[in-house]
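In what follows, a structure is listed as structure tokens, so that the remarks can point back to it.
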Amino acid sequence: MDEKNQVLDAMRKAGEPLNAGKIAELTGLDRKVVDKVMADLKKGGAIVSPVRCKWTVA
């Protein structure tokens with residue numbers, strides 16, 4: 001599974017908005033990798049922020 005799918009899968013399974021640190025913890029990915037993936041997902045509109053600094057699948 002690629003990094004983008006790992007991040008999205010963790011967000012779906014959590015069922016609540018998550019911050020990048022929690023996503024890194026759940027996926028086992030490095031925090032810098034999670035930040036980069038999330039930046040790409042934000043640009044594409046795949047994730048949204050309902051609460052400051054926390055993100056969920058759009």
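Going through the structure tokens in order, the chains are called A, B, and so on, while each chain numbers its residues from 1 and the ligands are numbered from 1 in the order shown.
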
Do you know which residues are at most 10 Å from A:Asp35 counting only C-alpha atoms, after dropping those on the same chain fewer than 4 positions away, and could you put them as a ChimeraX atom specification? /A:19-21,23-24,30-31,39-41

I need the residues from that last selection saved to file as a PDB file, in the first residue's frame (with all heavy atoms), if you can.
ATOM      1  N   ASN A  19      -4.682  14.742  13.817  1.00  0.00           N
ATOM      2  CA  ASN A  19      -3.558  15.606  13.452  1.00  0.00           C
ATOM      3  C   ASN A  19      -2.457  14.735  12.842  1.00  0.00           C
ATOM      4  O   ASN A  19      -2.505  13.509  12.913  1.00  0.00           O
ATOM      5  CB  ASN A  19      -3.061  16.428  14.643  1.00  0.00           C
ATOM      6  CG  ASN A  19      -2.548  15.571  15.780  1.00  0.00           C
ATOM      7  OD1 ASN A  19      -2.138  14.435  15.592  1.00  0.00           O
ATOM      8  ND2 ASN A  19      -2.570  16.130  16.974  1.00  0.00           N
ATOM      9  N   ALA A  20      -1.461  15.357  12.262  1.00  0.00           N
ATOM     10  CA  ALA A  20      -0.411  14.624  11.555  1.00  0.00           C
ATOM     11  C   ALA A  20       0.361  13.702  12.490  1.00  0.00           C
ATOM     12  O   ALA A  20       0.752  12.601  12.095  1.00  0.00           O
ATOM     13  CB  ALA A  20       0.531  15.609  10.873  1.00  0.00           C
ATOM     14  N   GLY A  21       0.577  14.115  13.722  1.00  0.00           N
ATOM     15  CA  GLY A  21       1.302  13.285  14.679  1.00  0.00           C
ATOM     16  C   GLY A  21       0.586  11.981  14.961  1.00  0.00           C
ATOM     17  O   GLY A  21       1.201  10.917  15.026  1.00  0.00           O
ATOM     18  N   ILE A  23      -1.607  10.523  12.978  1.00  0.00           N
ATOM     19  CA  ILE A  23      -1.580   9.735  11.751  1.00  0.00           C
ATOM     20  C   ILE A  23      -0.238   9.013  11.621  1.00  0.00           C
ATOM     21  O   ILE A  23      -0.187   7.833  11.283  1.00  0.00           O
ATOM     22  CB  ILE A  23      -1.858  10.614  10.513  1.00  0.00           C
ATOM     23  CG1 ILE A  23      -3.296  11.131  10.565  1.00  0.00           C
ATOM     24  CG2 ILE A  23      -1.608   9.841   9.222  1.00  0.00           C
ATOM     25  CD1 ILE A  23      -3.612  12.210   9.569  1.00  0.00           C
ATOM     26  N   ALA A  24       0.851   9.709  11.929  1.00  0.00           N
ATOM     27  CA  ALA A  24       2.178   9.092  11.886  1.00  0.00           C
ATOM     28  C   ALA A  24       2.248   7.921  12.866  1.00  0.00           C
ATOM     29  O   ALA A  24       2.785   6.858  12.546  1.00  0.00           O
ATOM     30  CB  ALA A  24       3.252  10.128  12.206  1.00  0.00           C
ATOM     31  N   ASP A  30       7.040   8.022   8.960  1.00  0.00           N
ATOM     32  CA  ASP A  30       7.762   9.155   9.522  1.00  0.00           C
ATOM     33  C   ASP A  30       6.884  10.402   9.445  1.00  0.00           C
ATOM     34  O   ASP A  30       6.142  10.581   8.480  1.00  0.00           O
ATOM     35  CB  ASP A  30       9.063   9.375   8.739  1.00  0.00           C
ATOM     36  CG  ASP A  30       9.928  10.456   9.347  1.00  0.00           C
ATOM     37  OD1 ASP A  30      10.559  10.201  10.383  1.00  0.00           O
ATOM     38  OD2 ASP A  30       9.947  11.566   8.772  1.00  0.00           O
ATOM     39  N   ARG A  31       6.991  11.258  10.426  1.00  0.00           N
ATOM     40  CA  ARG A  31       6.153  12.470  10.481  1.00  0.00           C
ATOM     41  C   ARG A  31       6.354  13.350   9.247  1.00  0.00           C
ATOM     42  O   ARG A  31       5.398  13.924   8.727  1.00  0.00           O
ATOM     43  CB  ARG A  31       6.477  13.225  11.772  1.00  0.00           C
ATOM     44  CG  ARG A  31       5.862  14.611  11.901  1.00  0.00           C
ATOM     45  CD  ARG A  31       4.335  14.553  11.994  1.00  0.00           C
ATOM     46  NE  ARG A  31       3.766  15.854  11.894  1.00  0.00           N
ATOM     47  CZ  ARG A  31       3.384  16.602  12.926  1.00  0.00           C
ATOM     48  NH1 ARG A  31       3.509  16.147  14.149  1.00  0.00           N
ATOM     49  NH2 ARG A  31       2.871  17.790  12.744  1.00  0.00           N
ATOM     50  N   ALA A  39      -0.021  17.342   2.610  1.00  0.00           N
ATOM     51  CA  ALA A  39       0.015  18.544   1.773  1.00  0.00           C
ATOM     52  C   ALA A  39      -0.530  18.237   0.381  1.00  0.00           C
ATOM     53  O   ALA A  39      -1.311  19.019  -0.175  1.00  0.00           O
ATOM     54  CB  ALA A  39       1.442  19.083   1.692  1.00  0.00           C
ATOM     55  N   ASP A  40      -0.137  17.086  -0.171  1.00  0.00           N
ATOM     56  CA  ASP A  40      -0.644  16.681  -1.491  1.00  0.00           C
ATOM     57  C   ASP A  40      -2.147  16.424  -1.440  1.00  0.00           C
ATOM     58  O   ASP A  40      -2.884  16.805  -2.349  1.00  0.00           O
ATOM     59  CB  ASP A  40       0.067  15.409  -1.973  1.00  0.00           C
ATOM     60  CG  ASP A  40       1.512  15.652  -2.355  1.00  0.00           C
ATOM     61  OD1 ASP A  40       1.886  16.826  -2.571  1.00  0.00           O
ATOM     62  OD2 ASP A  40       2.273  14.665  -2.447  1.00  0.00           O
ATOM     63  N   LEU A  41      -2.610  15.770  -0.376  1.00  0.00           N
ATOM     64  CA  LEU A  41      -4.039  15.475  -0.241  1.00  0.00           C
ATOM     65  C   LEU A  41      -4.860  16.754  -0.071  1.00  0.00           C
ATOM     66  O   LEU A  41      -5.969  16.858  -0.588  1.00  0.00           O
ATOM     67  CB  LEU A  41      -4.273  14.534   0.944  1.00  0.00           C
ATOM     68  CG  LEU A  41      -3.747  13.106   0.787  1.00  0.00           C
ATOM     69  CD1 LEU A  41      -3.843  12.343   2.098  1.00  0.00           C
ATOM     70  CD2 LEU A  41      -4.496  12.369  -0.311  1.00  0.00           C
TER      71      LEU A  41
END

Nearest to A:Arg12 among A:Lys36, A:Val51, A:Gly44, A:Leu26, with distances taken over only C-alpha atoms: which residue is it? A:Leu26

Can you work out which one of A:Lys43, A:Ala14, A:Val48, A:Glu3 has the shortest atom-to-atom distance to A:Gly28, counting only C-alpha atoms?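 Ranking A:Lys43, A:Ala14, A:Val48, A:Glu3 by distance to A:Gly28, first place goes to A:Glu3.
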
From the set A:Val37, A:Ile47, A:Lys32, A:Leu18, which residue has the shortest atom-to-atom contact distance to A:Gln6, counting only C-alpha atoms?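 Once distances to A:Gln6 are computed over only C-alpha atoms, the minimum belongs to A:Val37.
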
For the structure I just gave you, how does DSSP split stretch 5-43 of chain A - specifically, which residues are helix (DSSP H, G or I)? Reply as a ChimeraX atom specification. /A:5-14,20-27,31-43

Which residues in chain A does DSSP call strand (DSSP E or B)? List them as a PDB file with N, CA, C and O atoms, in the first residue's frame.
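Saved to result_14.pdb:
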ATOM      1  N   LEU A  18      -8.015  13.831  12.754  1.00  0.00           N
ATOM      2  CA  LEU A  18      -6.714  13.524  13.345  1.00  0.00           C
ATOM      3  C   LEU A  18      -5.684  14.572  12.962  1.00  0.00           C
ATOM      4  O   LEU A  18      -5.772  15.168  11.896  1.00  0.00           O
ATOM      5  N   ILE A  47      -8.758  15.751   1.593  1.00  0.00           N
ATOM      6  CA  ILE A  47      -8.966  15.882   3.039  1.00  0.00           C
ATOM      7  C   ILE A  47      -9.377  17.316   3.364  1.00  0.00           C
ATOM      8  O   ILE A  47      -9.042  18.247   2.631  1.00  0.00           O
ATOM      9  N   VAL A  48     -10.127  17.459   4.451  1.00  0.00           N
ATOM     10  CA  VAL A  48     -10.587  18.770   4.895  1.00  0.00           C
ATOM     11  C   VAL A  48     -10.328  18.911   6.399  1.00  0.00           C
ATOM     12  O   VAL A  48     -10.174  17.919   7.105  1.00  0.00           O
ATOM     13  N   SER A  49     -10.315  20.143   6.873  1.00  0.00           N
ATOM     14  CA  SER A  49     -10.067  20.417   8.281  1.00  0.00           C
ATOM     15  C   SER A  49     -11.318  20.976   8.953  1.00  0.00           C
ATOM     16  O   SER A  49     -11.585  22.175   8.870  1.00  0.00           O
ATOM     17  N   PRO A  50     -12.067  20.117   9.651  1.00  0.00           N
ATOM     18  CA  PRO A  50     -13.256  20.601  10.346  1.00  0.00           C
ATOM     19  C   PRO A  50     -12.913  21.310  11.656  1.00  0.00           C
ATOM     20  O   PRO A  50     -13.689  22.094  12.163  1.00  0.00           O
ATOM     21  N   VAL A  51     -11.727  21.000  12.192  1.00  0.00           N
ATOM     22  CA  VAL A  51     -11.251  21.570  13.444  1.00  0.00           C
ATOM     23  C   VAL A  51      -9.808  22.001  13.218  1.00  0.00           C
ATOM     24  O   VAL A  51      -9.062  21.307  12.529  1.00  0.00           O
ATOM     25  N   LYS A  54      -6.609  19.627  12.695  1.00  0.00           N
ATOM     26  CA  LYS A  54      -7.030  18.229  12.584  1.00  0.00           C
ATOM     27  C   LYS A  54      -7.709  18.040  11.238  1.00  0.00           C
ATOM     28  O   LYS A  54      -8.393  18.929  10.756  1.00  0.00           O
ATOM     29  N   TRP A  55      -7.520  16.865  10.658  1.00  0.00           N
ATOM     30  CA  TRP A  55      -7.978  16.618   9.301  1.00  0.00           C
ATOM     31  C   TRP A  55      -8.779  15.338   9.209  1.00  0.00           C
ATOM     32  O   TRP A  55      -8.592  14.420  10.004  1.00  0.00           O
ATOM     33  N   THR A  56      -9.660  15.297   8.234  1.00  0.00           N
ATOM     34  CA  THR A  56     -10.472  14.117   7.974  1.00  0.00           C
ATOM     35  C   THR A  56     -10.677  13.981   6.476  1.00  0.00           C
ATOM     36  O   THR A  56     -10.459  14.933   5.726  1.00  0.00           O
ATOM     37  N   VAL A  57     -11.093  12.801   6.052  1.00  0.00           N
ATOM     38  CA  VAL A  57     -11.340  12.550   4.620  1.00  0.00           C
ATOM     39  C   VAL A  57     -12.531  13.388   4.169  1.00  0.00           C
ATOM     40  O   VAL A  57     -13.539  13.475   4.872  1.00  0.00           O
TER      41      VAL A  57
END

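Of the residues listed (A:Lys22, A:Arg52, A:Val34, A:Gly45), A:Val34 shows the shortest atom-to-atom separation from A:Val7; distances use only C-alpha atoms.
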
Atom CA of A:Ala46 sits from atom CA of A:Ala58 at a separation of 5.3 Å
